[in-house]
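Novice: This is model_21.pdb (PDB, C-alpha atoms and all ligand atoms).
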ATOM      1  CA  MET O   1     132.888  11.388 -62.617
ATOM      2  CA  VAL O   2     131.543  13.751 -65.242
ATOM      3  CA  LEU O   3     130.166  17.092 -64.106
ATOM      4  CA  PHE O   4     127.265  18.632 -66.025
ATOM      5  CA  ARG O   5     125.878  22.114 -65.632
ATOM      6  CA  LYS O   6     123.590  22.056 -68.682
ATOM      7  CA  ARG O   7     120.630  19.746 -68.983
ATOM      8  CA  ASN O   8     121.170  19.190 -72.735
ATOM      9  CA  ASP O   9     124.698  17.923 -72.144
ATOM     10  CA  LEU O  10     123.543  15.556 -69.416
ATOM     11  CA  GLU O  11     120.649  14.310 -71.550
ATOM     12  CA  LYS O  12     122.974  13.546 -74.476
ATOM     13  CA  TRP O  13     125.451  11.748 -72.248
ATOM     14  CA  LEU O  14     122.701   9.692 -70.582
ATOM     15  CA  GLU O  15     121.343   8.706 -73.988
ATOM     16  CA  SER O  16     124.752   7.315 -74.921
ATOM     17  CA  GLN O  17     124.840   5.349 -71.649
ATOM     18  CA  ARG O  18     121.386   3.913 -72.324
ATOM     19  CA  LEU O  19     122.531   2.815 -75.791
ATOM     20  CA  ARG O  20     125.238   0.827 -73.997
ATOM     21  CA  GLY O  21     122.397  -0.985 -72.224
ATOM     22  CA  LEU O  22     123.067   0.560 -68.812
ATOM     23  CA  HIS O  23     120.251   1.449 -66.460
ATOM     24  CA  ILE O  24     120.275   4.692 -64.517
ATOM     25  CA  GLY O  25     120.102   5.206 -60.757
ATOM     26  CA  PHE O  26     119.399   8.733 -59.566
ATOM     27  CA  VAL O  27     120.050  10.450 -56.211
ATOM     28  CA  PRO O  28     118.654  14.003 -56.054
ATOM     29  CA  THR O  29     120.124  16.194 -53.285
ATOM     30  CA  MET O  30     120.541  19.782 -52.182
ATOM     31  CA  GLY O  31     124.252  19.322 -51.463
ATOM     32  CA  ALA O  32     126.199  19.827 -48.229
ATOM     33  CA  LEU O  33     126.618  16.095 -48.568
ATOM     34  CA  HIS O  34     127.168  13.781 -45.606
ATOM     35  CA  GLU O  35     127.278  10.038 -44.946
ATOM     36  CA  GLY O  36     123.486   9.823 -45.300
ATOM     37  CA  HIS O  37     123.744  11.008 -48.900
ATOM     38  CA  SER O  38     126.731   8.719 -49.453
ATOM     39  CA  SER O  39     124.645   5.745 -48.330
ATOM     40  CA  LEU O  40     122.169   6.533 -51.137
ATOM     41  CA  ILE O  41     124.968   6.811 -53.696
ATOM     42  CA  ARG O  42     126.432   3.531 -52.484
ATOM     43  CA  ALA O  43     123.025   1.818 -52.663
ATOM     44  CA  ALA O  44     122.721   3.016 -56.266
ATOM     45  CA  ARG O  45     126.299   1.902 -56.969
ATOM     46  CA  ALA O  46     125.552  -1.559 -55.574
ATOM     47  CA  ASP O  47     122.584  -1.891 -57.955
ATOM     48  CA  ARG O  48     125.073  -1.383 -60.815
ATOM     49  CA  GLY O  49     124.328   0.749 -63.880
ATOM     50  CA  ILE O  50     125.066   4.452 -63.990
ATOM     51  CA  VAL O  51     124.814   6.564 -60.824
ATOM     52  CA  VAL O  52     123.694  10.160 -61.269
ATOM     53  CA  CYS O  53     123.563  12.641 -58.399
ATOM     54  CA  SER O  54     122.114  16.132 -58.625
ATOM     55  CA  ILE O  55     122.945  19.019 -56.340
ATOM     56  CA  PHE O  56     120.435  21.825 -56.551
ATOM     57  CA  VAL O  57     119.248  24.011 -53.691
ATOM     58  CA  ASN O  58     115.719  24.424 -54.948
ATOM     59  CA  PRO O  59     114.379  27.904 -54.195
ATOM     60  CA  THR O  60     110.736  26.942 -54.796
ATOM     61  CA  GLN O  61     110.574  24.524 -51.857
ATOM     62  CA  PHE O  62     111.707  26.954 -49.155
ATOM     63  CA  ASN O  63     108.770  28.604 -47.463
ATOM     64  CA  ASP O  64     111.220  30.508 -45.213
ATOM     65  CA  PRO O  65     113.581  32.768 -47.251
ATOM     66  CA  LYS O  66     116.081  32.874 -44.348
ATOM     67  CA  ASP O  67     116.349  29.085 -44.415
ATOM     68  CA  PHE O  68     117.106  29.256 -48.157
ATOM     69  CA  GLU O  69     119.725  31.991 -47.757
ATOM     70  CA  LYS O  70     121.482  30.079 -44.995
ATOM     71  CA  TYR O  71     121.367  26.663 -46.619
ATOM     72  CA  PRO O  72     124.985  25.410 -46.536
ATOM     73  CA  ILE O  73     126.861  25.194 -49.840
ATOM     74  CA  THR O  74     129.998  23.012 -49.835
ATOM     75  CA  THR O  75     130.543  22.176 -53.512
ATOM     76  CA  GLY O  76     134.265  21.300 -53.288
ATOM     77  CA  PRO O  77     133.950  18.711 -50.500
ATOM     78  CA  ASP O  78     130.711  17.428 -52.096
ATOM     79  CA  ILE O  79     132.579  16.630 -55.315
ATOM     80  CA  GLN O  80     135.339  14.868 -53.345
ATOM     81  CA  ARG O  81     132.744  12.782 -51.517
ATOM     82  CA  LEU O  82     130.941  11.813 -54.725
ATOM     83  CA  LEU O  83     134.242  10.773 -56.319
ATOM     84  CA  ALA O  84     135.010   8.591 -53.295
ATOM     85  CA  ASP O  85     131.497   7.084 -53.392
ATOM     86  CA  GLY O  86     131.826   6.067 -57.034
ATOM     87  CA  CYS O  87     129.254   8.436 -58.525
ATOM     88  CA  ASP O  88     129.377   8.550 -62.347
ATOM     89  CA  ALA O  89     127.756  11.888 -63.086
ATOM     90  CA  LEU O  90     126.982  15.018 -61.118
ATOM     91  CA  PHE O  91     124.334  17.440 -62.332
ATOM     92  CA  LEU O  92     125.019  20.870 -60.856
ATOM     93  CA  PRO O  93     122.660  23.258 -62.636
ATOM     94  CA  ALA O  94     122.206  26.988 -62.096
ATOM     95  CA  VAL O  95     118.746  28.157 -61.040
ATOM     96  CA  SER O  96     118.148  29.536 -64.563
ATOM     97  CA  GLU O  97     118.814  26.086 -66.032
ATOM     98  CA  ILE O  98     115.990  24.555 -63.984
ATOM     99  CA  TYR O  99     113.689  27.566 -63.974
ATOM    100  CA  PRO O 100     114.289  29.426 -67.260
ATOM    101  CA  GLU O 101     112.421  32.693 -67.755
ATOM    102  CA  GLN O 102     110.084  31.129 -70.334
ATOM    103  CA  ASP O 103     109.086  28.253 -68.106
ATOM    104  CA  GLY O 104     105.340  28.083 -68.685
ATOM    105  CA  PRO O 105     102.720  28.054 -65.947
ATOM    106  CA  ILE O 106     103.558  26.778 -62.469
ATOM    107  CA  PRO O 107     102.099  23.269 -62.191
ATOM    108  CA  ARG O 108      99.704  22.342 -59.403
ATOM    109  CA  TYR O 109     100.070  18.788 -58.087
ATOM    110  CA  ASP O 110      97.122  17.049 -56.502
ATOM    111  CA  LEU O 111      98.735  15.519 -53.423
ATOM    112  CA  GLY O 112      95.429  15.189 -51.580
ATOM    113  CA  PHE O 113      95.417  14.456 -47.852
ATOM    114  CA  LEU O 114      99.221  14.079 -47.765
ATOM    115  CA  GLU O 115      99.708  17.786 -48.306
ATOM    116  CA  THR O 116      97.323  18.808 -45.541
ATOM    117  CA  LEU O 117      99.310  17.488 -42.592
ATOM    118  CA  LEU O 118     102.730  17.573 -40.871
ATOM    119  CA  GLU O 119     105.324  19.135 -43.227
ATOM    120  CA  GLY O 120     102.488  20.018 -45.606
ATOM    121  CA  SER O 121     100.652  22.087 -43.034
ATOM    122  CA  PHE O 122     103.691  23.639 -41.305
ATOM    123  CA  ARG O 123     105.508  24.480 -44.549
ATOM    124  CA  PRO O 124     102.811  25.727 -46.934
ATOM    125  CA  GLY O 125     103.810  25.256 -50.574
ATOM    126  CA  HIS O 126     106.851  23.162 -49.649
ATOM    127  CA  PHE O 127     105.722  19.935 -51.299
ATOM    128  CA  GLN O 128     104.482  21.754 -54.406
ATOM    129  CA  GLY O 129     108.031  23.133 -54.732
ATOM    130  CA  VAL O 130     109.525  19.682 -54.130
ATOM    131  CA  CYS O 131     107.294  18.170 -56.828
ATOM    132  CA  ARG O 132     108.075  20.978 -59.238
ATOM    133  CA  VAL O 133     111.820  20.396 -59.051
ATOM    134  CA  VAL O 134     111.675  16.614 -58.811
ATOM    135  CA  GLU O 135     109.418  16.396 -61.880
ATOM    136  CA  LYS O 136     111.923  18.483 -63.846
ATOM    137  CA  LEU O 137     114.859  16.397 -62.626
ATOM    138  CA  LEU O 138     113.086  13.119 -63.387
ATOM    139  CA  ARG O 139     112.276  14.302 -66.906
ATOM    140  CA  ILE O 140     115.905  15.297 -67.471
ATOM    141  CA  VAL O 141     117.539  12.211 -65.940
ATOM    142  CA  GLY O 142     114.892   9.605 -66.834
ATOM    143  CA  PRO O 143     116.088   7.172 -64.143
ATOM    144  CA  ASP O 144     115.161   3.521 -63.815
ATOM    145  CA  ARG O 145     115.649   3.797 -60.060
ATOM    146  CA  LEU O 146     115.252   6.719 -57.727
ATOM    147  CA  TYR O 147     116.986   6.597 -54.323
ATOM    148  CA  LEU O 148     115.411   8.485 -51.424
ATOM    149  CA  GLY O 149     116.105   8.639 -47.687
ATOM    150  CA  GLN O 150     113.587   7.539 -45.084
ATOM    151  CA  LYS O 151     114.807  10.554 -43.093
ATOM    152  CA  ASP O 152     112.271  12.531 -45.167
ATOM    153  CA  TYR O 153     109.433  10.088 -44.596
ATOM    154  CA  GLN O 154     106.568  12.215 -45.861
ATOM    155  CA  GLN O 155     108.633  13.413 -48.815
ATOM    156  CA  CYS O 156     109.111   9.788 -49.888
ATOM    157  CA  MET O 157     105.329   9.438 -49.965
ATOM    158  CA  VAL O 158     104.899  12.706 -51.861
ATOM    159  CA  ILE O 159     107.475  11.727 -54.490
ATOM    160  CA  SER O 160     105.881   8.346 -54.845
ATOM    161  CA  ARG O 161     102.579  10.144 -55.525
ATOM    162  CA  LEU O 162     104.346  12.462 -57.996
ATOM    163  CA  VAL O 163     105.665   9.456 -59.926
ATOM    164  CA  GLU O 164     102.066   8.188 -60.100
ATOM    165  CA  ILE O 165     100.803  11.595 -61.284
ATOM    166  CA  MET O 166     103.525  11.576 -63.960
ATOM    167  CA  ASP O 167     102.346   8.109 -64.970
ATOM    168  CA  LYS O 168     105.866   6.766 -64.478
ATOM    169  CA  LYS O 169     105.136   4.122 -61.874
ATOM    170  CA  GLU O 170     106.072   1.337 -64.266
ATOM    171  CA  ASP O 171     109.301   3.052 -65.342
ATOM    172  CA  ILE O 172     110.798   4.375 -62.106
ATOM    173  CA  ARG O 173     111.386   2.140 -59.116
ATOM    174  CA  ILE O 174     111.674   4.041 -55.858
ATOM    175  CA  VAL O 175     114.249   2.669 -53.415
ATOM    176  CA  ILE O 176     113.925   4.010 -49.858
ATOM    177  CA  CYS O 177     117.155   3.851 -47.837
ATOM    178  CA  PRO O 178     117.326   3.841 -44.013
ATOM    179  CA  THR O 179     118.192   6.982 -42.058
ATOM    180  CA  LEU O 180     121.891   7.251 -41.221
ATOM    181  CA  ARG O 181     122.605   8.604 -37.752
ATOM    182  CA  GLU O 182     125.550  10.046 -35.884
ATOM    183  CA  ALA O 183     127.067   7.875 -33.138
ATOM    184  CA  ASP O 184     124.734   9.386 -30.514
ATOM    185  CA  GLY O 185     121.647   8.851 -32.669
ATOM    186  CA  LEU O 186     121.101  12.284 -34.220
ATOM    187  CA  ALA O 187     119.888  11.850 -37.796
ATOM    188  CA  MET O 188     122.500  13.152 -40.220
ATOM    189  CA  SER O 189     121.340  16.307 -41.930
ATOM    190  CA  SER O 190     122.901  19.147 -43.901
ATOM    191  CA  ARG O 191     121.322  21.514 -41.379
ATOM    192  CA  ASN O 192     123.262  19.948 -38.467
ATOM    193  CA  MET O 193     126.353  21.916 -39.455
ATOM    194  CA  ARG O 194     124.515  25.098 -38.497
ATOM    195  CA  LEU O 195     124.019  23.926 -34.893
ATOM    196  CA  SER O 196     126.201  25.507 -32.188
ATOM    197  CA  THR O 197     128.153  23.154 -29.912
ATOM    198  CA  SER O 198     125.506  23.307 -27.198
ATOM    199  CA  GLN O 199     122.629  22.970 -29.701
ATOM    200  CA  ARG O 200     124.374  19.942 -31.177
ATOM    201  CA  LYS O 201     124.417  18.316 -27.729
ATOM    202  CA  THR O 202     120.734  19.077 -27.214
ATOM    203  CA  ALA O 203     119.758  17.889 -30.713
ATOM    204  CA  VAL O 204     120.148  14.235 -29.715
ATOM    205  CA  GLU O 205     117.012  14.586 -27.553
ATOM    206  CA  ILE O 206     114.978  14.116 -30.738
ATOM    207  CA  TYR O 207     116.422  10.639 -31.135
ATOM    208  CA  ASN O 208     116.042   9.930 -27.410
ATOM    209  CA  MET O 209     112.388  10.977 -27.574
ATOM    210  CA  LEU O 210     111.715   8.773 -30.615
ATOM    211  CA  SER O 211     113.438   5.838 -28.895
ATOM    212  CA  MET O 212     111.323   6.448 -25.792
ATOM    213  CA  LEU O 213     108.166   6.265 -27.954
ATOM    214  CA  LYS O 214     109.344   3.040 -29.551
ATOM    215  CA  HIS O 215     109.965   1.450 -26.164
ATOM    216  CA  GLU O 216     106.879   2.725 -24.413
ATOM    217  CA  ILE O 217     104.111   2.435 -27.002
ATOM    218  CA  LYS O 218     101.351   0.134 -25.708
ATOM    219  CA  PRO O 219      97.876  -0.684 -26.990
ATOM    220  CA  GLY O 220      95.256   1.880 -25.941
ATOM    221  CA  SER O 221      95.135   5.671 -25.960
ATOM    222  CA  LEU O 222      98.413   7.316 -27.013
ATOM    223  CA  SER O 223      97.614  10.773 -25.627
ATOM    224  CA  ALA O 224      99.688  10.438 -22.408
ATOM    225  CA  LEU O 225     102.648   9.113 -24.376
ATOM    226  CA  LEU O 226     102.402  12.003 -26.818
ATOM    227  CA  LEU O 227     102.280  14.472 -23.956
ATOM    228  CA  LYS O 228     105.395  12.907 -22.451
ATOM    229  CA  ALA O 229     107.185  13.226 -25.810
ATOM    230  CA  ASN O 230     106.233  16.907 -26.103
ATOM    231  CA  LEU O 231     107.406  17.638 -22.554
ATOM    232  CA  GLN O 232     110.696  15.848 -23.188
ATOM    233  CA  LEU O 233     111.544  18.091 -26.149
ATOM    234  CA  GLU O 234     110.147  21.283 -24.636
ATOM    235  CA  SER O 235     112.123  20.865 -21.460
ATOM    236  CA  ALA O 236     115.300  20.347 -23.536
ATOM    237  CA  GLY O 237     114.652  23.735 -25.164
ATOM    238  CA  PHE O 238     113.000  22.830 -28.478
ATOM    239  CA  ARG O 239     110.168  24.758 -30.101
ATOM    240  CA  ILE O 240     107.993  22.002 -31.495
ATOM    241  CA  ASP O 241     106.143  22.187 -34.807
ATOM    242  CA  TYR O 242     104.683  18.725 -34.398
ATOM    243  CA  ILE O 243     105.153  15.300 -32.911
ATOM    244  CA  SER O 244     102.802  12.841 -34.545
ATOM    245  CA  LEU O 245     102.041   9.178 -34.053
ATOM    246  CA  ALA O 246     100.690   8.151 -37.405
ATOM    247  CA  ASP O 247      99.746   5.260 -39.614
ATOM    248  CA  ALA O 248     102.969   4.315 -41.401
ATOM    249  CA  ASN O 249     101.144   3.808 -44.698
ATOM    250  CA  ASN O 250      99.092   6.988 -44.977
ATOM    251  CA  LEU O 251     100.210   9.268 -42.089
ATOM    252  CA  SER O 252      96.725   9.629 -40.618
ATOM    253  CA  PRO O 253      97.026  10.178 -36.838
ATOM    254  CA  VAL O 254      96.799   7.149 -34.558
ATOM    255  CA  ASP O 255      95.065   8.169 -31.313
ATOM    256  CA  ASN O 256      94.320   4.687 -30.042
ATOM    257  CA  TRP O 257      96.756   1.962 -30.915
ATOM    258  CA  ASP O 258      95.314  -1.523 -31.379
ATOM    259  CA  GLY O 259      98.684  -3.240 -30.975
ATOM    260  CA  GLN O 260      98.739  -4.113 -34.694
ATOM    261  CA  GLN O 261      98.584  -0.934 -36.745
ATOM    262  CA  HIS O 262     101.892  -0.164 -38.481
ATOM    263  CA  THR O 263     102.817   3.116 -36.761
ATOM    264  CA  VAL O 264     105.494   5.758 -37.256
ATOM    265  CA  ALA O 265     106.470   8.693 -35.051
ATOM    266  CA  LEU O 266     107.334  11.898 -36.906
ATOM    267  CA  VAL O 267     108.771  15.064 -35.457
ATOM    268  CA  ALA O 268     109.747  18.571 -36.523
ATOM    269  CA  ALA O 269     111.202  20.977 -33.981
ATOM    270  CA  PHE O 270     113.368  24.061 -33.838
ATOM    271  CA  LEU O 271     116.566  24.635 -31.905
ATOM    272  CA  GLY O 272     117.044  28.386 -32.220
ATOM    273  CA  GLU O 273     116.257  29.067 -35.861
ATOM    274  CA  ILE O 274     117.316  25.628 -37.089
ATOM    275  CA  ARG O 275     114.493  23.274 -37.882
ATOM    276  CA  LEU O 276     115.216  19.562 -37.511
ATOM    277  CA  ILE O 277     113.015  16.682 -38.642
ATOM    278  CA  ASP O 278     113.219  12.991 -37.892
ATOM    279  CA  ASN O 279     111.049   9.899 -37.681
ATOM    280  CA  MET O 280     111.098   6.348 -36.414
ATOM    281  CA  VAL O 281     108.949   3.386 -37.316
ATOM    282  CA  LEU O 282     107.589   2.192 -33.973
ATOM    283  CA  THR O 283     105.893  -1.067 -34.811
TER     284      THR O 283
HETATM  285  P1  LIG N   1     118.635  16.647 -49.051
HETATM  286  O1  LIG N   1     119.969  16.989 -49.633
HETATM  287  O2  LIG N   1     118.492  16.956 -47.613
HETATM  288  O3  LIG N   1     117.511  17.167 -49.903
HETATM  289  O4  LIG N   1     118.534  15.065 -49.124
HETATM  290  C1  LIG N   1     118.743  14.352 -50.317
HETATM  291  C2  LIG N   1     118.364  12.918 -50.094
HETATM  292  O5  LIG N   1     119.170  12.367 -49.053
HETATM  293  C3  LIG N   1     116.905  12.754 -49.643
HETATM  294  O6  LIG N   1     116.353  11.610 -50.281
HETATM  295  C4  LIG N   1     117.051  12.569 -48.164
HETATM  296  O7  LIG N   1     115.983  11.846 -47.593
HETATM  297  C5  LIG N   1     118.344  11.773 -48.084
HETATM  298  N1  LIG N   1     118.920  11.902 -46.736
HETATM  299  C6  LIG N   1     119.119  13.047 -46.035
HETATM  300  N2  LIG N   1     119.612  12.760 -44.809
HETATM  301  C7  LIG N   1     119.714  11.411 -44.745
HETATM  302  C8  LIG N   1     120.150  10.500 -43.728
HETATM  303  N3  LIG N   1     120.550  10.921 -42.528
HETATM  304  N4  LIG N   1     120.116   9.176 -43.992
HETATM  305  C9  LIG N   1     119.697   8.724 -45.207
HETATM  306  N5  LIG N   1     119.279   9.532 -46.203
HETATM  307  C10 LIG N   1     119.284  10.859 -45.978
END
How does the structure come out when it is put into structure tokens?

Specialist:
Amino acid sequence: MVLFRKRNDLEKWLESQRLRGLHIGFVPTMGALHEGHSSLIRAARADRGIVVCSIFVNPTQFNDPKDFEKYPITTGPDIQRLLADGCDALFLPAVSEIYPEQDGPIPRYDLGFLETLLEGSFRPGHFQGVCRVVEKLLRIVGPDRLYLGQKDYQQCMVISRLVEIMDKKEDIRIVICPTLREADGLAMSSRNMRLSTSQRKTAVEIYNMLSMLKHEIKPGSLSALLLKANLQLESAGFRIDYISLADANNLSPVDNWDGQQHTVALVAAFLGEIRLIDNMVLT
């Protein structure tokens, strides 16, 4: 695996790979890598070509400065994991490499309705920051395929919209990989390592609640079911940002289910100061 800290060096190297006729698969991450990230690298590996991973804790997408400061950084083990997963190139830029002083005006992305709800409404500016960094990374890496985790359901939709805005829909294929979970069902996340032992035990209630929704959803009003889900997490000790039952294609809320509509449950909730998100396609 080749490690790049400078965009110019990575760009030159990628150009030489393209001249060899190889296509490029890209997995952007914020590091503190776990099996979920590895599954994306392995999916890219299985599609052949060159696999590029980036690790960059993007300051512009954190609406809570404390969350940014405490974001885990585990570069040594991350490199070991990427080597074991068969990654070809790691891009590990400094903040000044991505956001140089002379960076021009901050772009404004028109994400429409998507930015007004769920993560968009509870984390103001978050998706603008995500788009800002992902646009830069996509322009540097120029991938043929972009691998994303369903764990960040709304983010997948936002990045898909970004690719449209960039007019790159024909060039970049987005591959969405399933959420990897711990043995008890907790979605793997870099933030899990900040949970105390007792919080870690409680955290599985998110998965239990989503599974309950999947088993109990029935045609008709969903308000009682939603109430039950909220009570389940509250009584376990969570502070809930949202639990939403939404159309799986556009995230608009589903209040009455007709038994057909493709529906997803999405949740964000705090245990102490650690915010966890998860989702499950219900139908
Ligand atoms: P992050 O480092 O959290 O920004 O995540 C980088 C990529 O890994 C994103 O596309 C995430 O959706 C994906 N990812 C994070 N956790 C998981 C997981 N448990 N299973 C599958 N993909 C994941």

Novice: Report as a list in words the residues that result from applying the PyMOL selection byres (((chain O and resi 128) around 10) and not hetatm) to the structure here.

Specialist: Thr60, Gln61, Ile106, Pro107, Arg108, Tyr109, Asp110, Leu111, Glu115, Gly120, Pro124, Gly125, His126, Phe127, Gly129, Val130, Cys131, Arg132, Val133, Val134, Val158 and Leu162 of chain O

Novice: Distance table requested - chain O against ligand LIG 1 (chain N), cut-off 6 Å, only C-alpha atoms and all ligand atoms: one row per qualifying residue with the closest atom pair and its distance in Å to one decimal, ordered by chain and rising residue number, as JSON lines.

Specialist:
{"residue": "O:Pro28", "atom": "CA", "partner": "N:LIG1", "partner_atom": "C1", "distance": 5.7}
{"residue": "O:Thr29", "atom": "CA", "partner": "N:LIG1", "partner_atom": "O1", "distance": 3.7}
{"residue": "O:Met30", "atom": "CA", "partner": "N:LIG1", "partner_atom": "O1", "distance": 3.8}
{"residue": "O:Gly31", "atom": "CA", "partner": "N:LIG1", "partner_atom": "O1", "distance": 5.2}
{"residue": "O:Gly36", "atom": "CA", "partner": "N:LIG1", "partner_atom": "N4", "distance": 3.7}
{"residue": "O:His37", "atom": "CA", "partner": "N:LIG1", "partner_atom": "O5", "distance": 4.8}
{"residue": "O:Leu148", "atom": "CA", "partner": "N:LIG1", "partner_atom": "O6", "distance": 3.5}
{"residue": "O:Gly149", "atom": "CA", "partner": "N:LIG1", "partner_atom": "O7", "distance": 3.2}
{"residue": "O:Gln150", "atom": "CA", "partner": "N:LIG1", "partner_atom": "O7", "distance": 5.5}
{"residue": "O:Lys151", "atom": "CA", "partner": "N:LIG1", "partner_atom": "O7", "distance": 4.8}
{"residue": "O:Asp152", "atom": "CA", "partner": "N:LIG1", "partner_atom": "O7", "distance": 4.5}
{"residue": "O:Pro178", "atom": "CA", "partner": "N:LIG1", "partner_atom": "C9", "distance": 5.6}
{"residue": "O:Thr179", "atom": "CA", "partner": "N:LIG1", "partner_atom": "N4", "distance": 3.5}
{"residue": "O:Leu180", "atom": "CA", "partner": "N:LIG1", "partner_atom": "N4", "distance": 3.8}
{"residue": "O:Arg181", "atom": "CA", "partner": "N:LIG1", "partner_atom": "N3", "distance": 5.7}
{"residue": "O:Ala187", "atom": "CA", "partner": "N:LIG1", "partner_atom": "N3", "distance": 4.9}
{"residue": "O:Met188", "atom": "CA", "partner": "N:LIG1", "partner_atom": "N3", "distance": 3.8}
{"residue": "O:Ser189", "atom": "CA", "partner": "N:LIG1", "partner_atom": "N2", "distance": 4.9}

Novice: Please write the residues picked by the PyMOL selection byres (((chain O and resi 85) around 9) and not hetatm) on this file as a PyMOL selection string.

Specialist: chain O and resi 38-39+41-42+45+80-84+86-87

Novice: Assuming the chain letters and numbering stay as they are in my file, what does the PyMOL selection byres (((chain O and resi 218) around 12) and not hetatm) actually select? List them as a VMD selection string.

Specialist: chain O and resid 212 to 217 219 to 226 255 to 261 263 282 to 283

Novice: Find the spatial neighbours of region 191-204 of chain O, counting all atoms listed in the file, within a cut-off of 7 Å - ignore same-chain residues fewer than 5 positions away - and output them as a list in words.

Specialist: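 Final neighbour list, sorted by chain and number: Asp184, Gly185, Leu186, Ala236 and Leu271 of chain O.
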
Novice: Please export region 235-247 of chain O as a PDB file, in the first residue's frame, restricted to N, CA and C atoms.

Specialist:
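What follows is the written file decode02.pdb:
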ATOM      1  N   SER O 235     -36.696   4.673  28.030  1.00  0.00           N
ATOM      2  CA  SER O 235     -36.621   3.940  29.296  1.00  0.00           C
ATOM      3  C   SER O 235     -35.267   3.242  29.448  1.00  0.00           C
ATOM      4  N   ALA O 236     -34.545   3.039  28.342  1.00  0.00           N
ATOM      5  CA  ALA O 236     -33.188   2.468  28.450  1.00  0.00           C
ATOM      6  C   ALA O 236     -32.167   3.547  28.807  1.00  0.00           C
ATOM      7  N   GLY O 237     -32.582   4.816  28.753  1.00  0.00           N
ATOM      8  CA  GLY O 237     -31.670   5.896  29.153  1.00  0.00           C
ATOM      9  C   GLY O 237     -31.122   6.739  28.005  1.00  0.00           C
ATOM     10  N   PHE O 238     -31.706   6.604  26.826  1.00  0.00           N
ATOM     11  CA  PHE O 238     -31.261   7.419  25.683  1.00  0.00           C
ATOM     12  C   PHE O 238     -31.925   8.797  25.702  1.00  0.00           C
ATOM     13  N   ARG O 239     -31.233   9.776  25.156  1.00  0.00           N
ATOM     14  CA  ARG O 239     -31.839  11.065  24.820  1.00  0.00           C
ATOM     15  C   ARG O 239     -31.995  11.058  23.294  1.00  0.00           C
ATOM     16  N   ILE O 240     -33.249  11.096  22.864  1.00  0.00           N
ATOM     17  CA  ILE O 240     -33.518  10.850  21.442  1.00  0.00           C
ATOM     18  C   ILE O 240     -33.505  12.158  20.648  1.00  0.00           C
ATOM     19  N   ASP O 241     -32.768  12.171  19.545  1.00  0.00           N
ATOM     20  CA  ASP O 241     -32.918  13.278  18.583  1.00  0.00           C
ATOM     21  C   ASP O 241     -34.127  13.007  17.704  1.00  0.00           C
ATOM     22  N   TYR O 242     -34.158  11.840  17.099  1.00  0.00           N
ATOM     23  CA  TYR O 242     -35.331  11.475  16.299  1.00  0.00           C
ATOM     24  C   TYR O 242     -35.417   9.961  16.128  1.00  0.00           C
ATOM     25  N   ILE O 243     -36.649   9.499  16.002  1.00  0.00           N
ATOM     26  CA  ILE O 243     -36.911   8.176  15.416  1.00  0.00           C
ATOM     27  C   ILE O 243     -37.918   8.462  14.310  1.00  0.00           C
ATOM     28  N   SER O 244     -37.602   8.043  13.105  1.00  0.00           N
ATOM     29  CA  SER O 244     -38.490   8.367  11.993  1.00  0.00           C
ATOM     30  C   SER O 244     -38.811   7.116  11.192  1.00  0.00           C
ATOM     31  N   LEU O 245     -40.080   7.007  10.819  1.00  0.00           N
ATOM     32  CA  LEU O 245     -40.488   5.980   9.861  1.00  0.00           C
ATOM     33  C   LEU O 245     -40.706   6.734   8.564  1.00  0.00           C
ATOM     34  N   ALA O 246     -39.921   6.385   7.555  1.00  0.00           N
ATOM     35  CA  ALA O 246     -39.869   7.253   6.381  1.00  0.00           C
ATOM     36  C   ALA O 246     -39.856   6.454   5.094  1.00  0.00           C
ATOM     37  N   ASP O 247     -40.260   7.126   4.033  1.00  0.00           N
ATOM     38  CA  ASP O 247     -40.189   6.519   2.708  1.00  0.00           C
ATOM     39  C   ASP O 247     -38.711   6.238   2.376  1.00  0.00           C
TER      40      ASP O 247
END
